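Asker: To start, I am sharing the structure in question, which I have written as structure tokens.
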Amino acid sequence: MGTWWLWVMRGHEGRTLGRLIDARVISQAHHCRLLFSTGHFRENRHVFECAAGDILDADKGGVAFHPVDFENENHARFFAERIRPLMDGCIQPPVDWKNAVVCNGEGKGLLTEVFTVKAGSRCFVVLDVF
């Protein structure tokens with residue numbers, strides 16, 4: 001049973017991290033770890049904690065991230081309904097949203113949205129697959 005769990009969970013983490021690498025979100029030499037995942041199939045979300053240096057810069061071929069426009073009703077609602085509850089449910093201590101820097105971009109070659117959340121000294125990446 002332990003071998004099966006290790007094969008499924010570690011394999012899932014590796015495949016999901018592979019998606020971030022293939023989408024040019026994080027570097028090949030990363031220090032990310034999967035904190036939470038909603039599933040293995042379609043329409044799932046994954047939360048990673050990474051070192052800030054793991055995220056590829058746009059000028060080095062990475063995803064172009066832009067601050068989330070919380071004044072835009074669609075952006076604010078999408079974040080409030082899908083991303084924030086996901087992160088609030090799996091990150092301890094909770095993110096101080098008043099001081100967090102939230103950015104998003106589109107994963108290259110995937111039907112995804114990718115968010116980065118920088119909160120103090122911590123950096124998170126959320127991969128939303130649809």
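The way I read the labels, and the way they are meant: chains A, B, ... in the order of the structure tokens, residue 1 as the first residue of every chain, and ligand 1 as the first ligand shown, with later ones counted on from there.
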Please identify all polymer residues within 9 Å of Met87 of chain A, counting only C-alpha atoms, omitting same-chain residues fewer than 5 positions from it, and present them as an mmCIF file with N, CA and C atoms, in the first residue's frame.

Answerer:
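Below is the file out.cif, written as the result:
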data_model
loop_
_atom_site.group_PDB
_atom_site.id
_atom_site.type_symbol
_atom_site.label_atom_id
_atom_site.label_comp_id
_atom_site.auth_asym_id
_atom_site.auth_seq_id
_atom_site.Cartn_x
_atom_site.Cartn_y
_atom_site.Cartn_z
ATOM 1 N N PHE A 36 -0.828 21.254 -2.390
ATOM 2 C CA PHE A 36 -2.202 20.776 -2.484
ATOM 3 C C PHE A 36 -2.581 20.614 -3.947
ATOM 4 N N VAL A 47 -1.371 23.876 -5.959
ATOM 5 C CA VAL A 47 -0.697 24.952 -5.233
ATOM 6 C C VAL A 47 0.706 24.477 -4.885
ATOM 7 N N PRO A 94 -1.900 31.459 7.281
ATOM 8 C CA PRO A 94 -2.629 31.973 6.117
ATOM 9 C C PRO A 94 -1.909 33.158 5.466
ATOM 10 N N VAL A 95 -2.186 33.331 4.198
ATOM 11 C CA VAL A 95 -1.611 34.447 3.444
ATOM 12 C C VAL A 95 -2.221 35.753 3.942
ATOM 13 N N VAL A 126 0.169 28.930 -8.352
ATOM 14 C CA VAL A 126 -1.080 28.184 -8.474
ATOM 15 C C VAL A 126 -1.310 27.918 -9.947
#

Asker: With a distance cut-off of 9 Å and only C-alpha atoms, select the neighbouring residues of Phe124 of chain A, excluding the residue or stretch itself and same-chain residues fewer than 6 positions from it, and output the selection as a PyMOL selection string.

Answerer: chain A and resi 32+47-52+115-118

Asker: Write out, as a compact mmCIF listing (two decimals), in the first residue's frame, the residues just selected, with N, CA, C and O atoms.

Answerer:
# COMPACT_ATOMS: atom_id res chain seq x y z
N CYS A 32 10.61 23.79 -5.82
CA CYS A 32 9.17 23.84 -5.56
C CYS A 32 8.70 22.54 -4.94
O CYS A 32 9.26 21.48 -5.18
N VAL A 47 -1.37 23.88 -5.96
CA VAL A 47 -0.70 24.95 -5.23
C VAL A 47 0.71 24.48 -4.88
O VAL A 47 0.87 23.41 -4.30
N PHE A 48 1.69 25.28 -5.25
CA PHE A 48 3.09 24.99 -4.98
C PHE A 48 3.69 26.11 -4.16
O PHE A 48 3.32 27.27 -4.32
N GLU A 49 4.64 25.76 -3.32
CA GLU A 49 5.47 26.77 -2.69
C GLU A 49 6.83 26.67 -3.35
O GLU A 49 7.39 25.58 -3.49
N CYS A 50 7.35 27.82 -3.79
CA CYS A 50 8.61 27.86 -4.53
C CYS A 50 9.50 28.95 -3.96
O CYS A 50 9.04 29.86 -3.28
N ALA A 51 10.76 28.85 -4.30
CA ALA A 51 11.67 29.97 -4.03
C ALA A 51 11.38 31.03 -5.10
O ALA A 51 11.03 30.69 -6.24
N ALA A 52 11.50 32.29 -4.75
CA ALA A 52 11.20 33.37 -5.71
C ALA A 52 12.05 33.24 -6.97
O ALA A 52 11.59 33.54 -8.07
N PHE A 115 -1.00 31.62 -11.49
CA PHE A 115 -0.92 32.75 -10.57
C PHE A 115 0.34 32.62 -9.74
O PHE A 115 0.74 31.51 -9.36
N THR A 116 0.96 33.75 -9.46
CA THR A 116 2.03 33.80 -8.47
C THR A 116 1.53 34.68 -7.33
O THR A 116 0.85 35.69 -7.57
N VAL A 117 1.83 34.27 -6.12
CA VAL A 117 1.46 35.03 -4.95
C VAL A 117 2.71 35.18 -4.11
O VAL A 117 3.30 34.18 -3.68
N LYS A 118 3.13 36.42 -3.92
CA LYS A 118 4.28 36.69 -3.07
C LYS A 118 3.76 37.33 -1.79
O LYS A 118 3.14 38.39 -1.83

Asker: Atom CA of Ala64 of chain A and atom CA of Leu86 of chain A are how many Å apart?

Answerer: 22.9 Å

Asker: Excluding Ile83 of chain A and residues on its chain fewer than 2 positions from it, collect all residues at most 12 Å away from it, counting only C-alpha atoms, and give them as an MDAnalysis selection string.

Answerer: chainID A and resid 38 44:47 68 75:81 85:90 102:104 113:117 124:129

Asker: When you draw a straight line from atom CA of Thr16 of chain A to atom CA of Glu106 of chain A, how long is it in Å?

Answerer: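 Distance reported for this atom pair: 15.8 Å.
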
Asker: Could you give me the residues within segment 19-55 of chain A that DSSP places in strand (DSSP E or B), as a ChimeraX atom specification?

Answerer: /A:26,33-37,45-50,55

Asker: Save the residues we just selected, N, CA, C and O atoms, as a PDB file, in the first residue's frame?

Answerer:
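Result file follows (out-v2.pdb):
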ATOM      1  N   ILE A  26       8.401  27.773 -14.279  1.00  0.00           N
ATOM      2  CA  ILE A  26       9.520  27.621 -13.352  1.00  0.00           C
ATOM      3  C   ILE A  26      10.733  27.064 -14.076  1.00  0.00           C
ATOM      4  O   ILE A  26      10.610  26.482 -15.155  1.00  0.00           O
ATOM      5  N   ARG A  33       7.629  22.680  -4.147  1.00  0.00           N
ATOM      6  CA  ARG A  33       6.989  21.484  -3.612  1.00  0.00           C
ATOM      7  C   ARG A  33       5.487  21.665  -3.692  1.00  0.00           C
ATOM      8  O   ARG A  33       4.953  22.759  -3.487  1.00  0.00           O
ATOM      9  N   LEU A  34       4.827  20.590  -4.024  1.00  0.00           N
ATOM     10  CA  LEU A  34       3.373  20.587  -4.139  1.00  0.00           C
ATOM     11  C   LEU A  34       2.762  20.615  -2.745  1.00  0.00           C
ATOM     12  O   LEU A  34       3.067  19.766  -1.911  1.00  0.00           O
ATOM     13  N   LEU A  35       1.918  21.625  -2.491  1.00  0.00           N
ATOM     14  CA  LEU A  35       1.235  21.728  -1.203  1.00  0.00           C
ATOM     15  C   LEU A  35      -0.150  21.103  -1.240  1.00  0.00           C
ATOM     16  O   LEU A  35      -0.605  20.517  -0.264  1.00  0.00           O
ATOM     17  N   PHE A  36      -0.828  21.254  -2.390  1.00  0.00           N
ATOM     18  CA  PHE A  36      -2.202  20.776  -2.484  1.00  0.00           C
ATOM     19  C   PHE A  36      -2.581  20.614  -3.947  1.00  0.00           C
ATOM     20  O   PHE A  36      -2.123  21.362  -4.803  1.00  0.00           O
ATOM     21  N   SER A  37      -3.430  19.637  -4.210  1.00  0.00           N
ATOM     22  CA  SER A  37      -3.928  19.400  -5.555  1.00  0.00           C
ATOM     23  C   SER A  37      -5.379  18.967  -5.468  1.00  0.00           C
ATOM     24  O   SER A  37      -5.740  18.188  -4.577  1.00  0.00           O
ATOM     25  N   ARG A  45      -6.693  22.094  -9.887  1.00  0.00           N
ATOM     26  CA  ARG A  45      -5.842  23.192  -9.446  1.00  0.00           C
ATOM     27  C   ARG A  45      -4.759  22.645  -8.537  1.00  0.00           C
ATOM     28  O   ARG A  45      -4.989  21.709  -7.778  1.00  0.00           O
ATOM     29  N   HIS A  46      -3.591  23.244  -8.627  1.00  0.00           N
ATOM     30  CA  HIS A  46      -2.439  22.800  -7.860  1.00  0.00           C
ATOM     31  C   HIS A  46      -1.777  24.013  -7.214  1.00  0.00           C
ATOM     32  O   HIS A  46      -1.620  25.045  -7.860  1.00  0.00           O
ATOM     33  N   VAL A  47      -1.371  23.876  -5.959  1.00  0.00           N
ATOM     34  CA  VAL A  47      -0.697  24.952  -5.233  1.00  0.00           C
ATOM     35  C   VAL A  47       0.706  24.477  -4.885  1.00  0.00           C
ATOM     36  O   VAL A  47       0.875  23.405  -4.304  1.00  0.00           O
ATOM     37  N   PHE A  48       1.692  25.278  -5.255  1.00  0.00           N
ATOM     38  CA  PHE A  48       3.093  24.990  -4.975  1.00  0.00           C
ATOM     39  C   PHE A  48       3.693  26.112  -4.156  1.00  0.00           C
ATOM     40  O   PHE A  48       3.319  27.267  -4.317  1.00  0.00           O
ATOM     41  N   GLU A  49       4.644  25.758  -3.322  1.00  0.00           N
ATOM     42  CA  GLU A  49       5.475  26.770  -2.685  1.00  0.00           C
ATOM     43  C   GLU A  49       6.833  26.674  -3.349  1.00  0.00           C
ATOM     44  O   GLU A  49       7.385  25.584  -3.495  1.00  0.00           O
ATOM     45  N   CYS A  50       7.349  27.816  -3.791  1.00  0.00           N
ATOM     46  CA  CYS A  50       8.606  27.863  -4.531  1.00  0.00           C
ATOM     47  C   CYS A  50       9.505  28.950  -3.960  1.00  0.00           C
ATOM     48  O   CYS A  50       9.038  29.863  -3.284  1.00  0.00           O
ATOM     49  N   ILE A  55      10.902  31.055 -10.386  1.00  0.00           N
ATOM     50  CA  ILE A  55       9.979  31.527 -11.421  1.00  0.00           C
ATOM     51  C   ILE A  55      10.784  32.167 -12.538  1.00  0.00           C
ATOM     52  O   ILE A  55      11.587  33.073 -12.305  1.00  0.00           O
TER      53      ILE A  55
END

Asker: Distance atom CA of Asp59 of chain A-atom CA of Gly120 of chain A, one decimal place?

Answerer: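 That distance, rounded to one decimal, is 24.4 Å.
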
Asker: Restricting the calculation to only C-alpha atoms: of A:Ala100, A:Ala23, A:Gly39, A:Asn74, which residue gets closest to Ala58 of chain A?

Answerer: A:Ala23

Asker: For the structure I just gave you, how does DSSP split segment 24-118 of chain A - specifically, which residues are helix (DSSP H, G or I)? Reply as an MDAnalysis selection string.

Answerer: chainID A and resid 52:54 58:60 73:88

Asker: Leaving out Lys60 of chain A and any residue of its chain fewer than 6 positions from it, which residues lie within 12 Å of it when counting only C-alpha atoms, given as a tab-separated table (two decimals) with N, CA and C atoms, in the first residue's frame?

Answerer:
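Below you can see result-v9.tsv, which holds the result:
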chain	number	residue	atom	x	y	z
A	24	ARG	N	6.97	26.79	-19.07
A	24	ARG	CA	7.97	27.84	-18.87
A	24	ARG	C	7.59	28.78	-17.74
A	25	VAL	N	7.03	28.22	-16.66
A	25	VAL	CA	6.69	28.99	-15.48
A	25	VAL	C	7.84	28.96	-14.49
A	26	ILE	N	8.40	27.77	-14.28
A	26	ILE	CA	9.52	27.62	-13.35
A	26	ILE	C	10.73	27.06	-14.08
A	27	SER	N	11.89	27.23	-13.47
A	27	SER	CA	13.13	26.75	-14.08
A	27	SER	C	13.26	25.24	-13.85
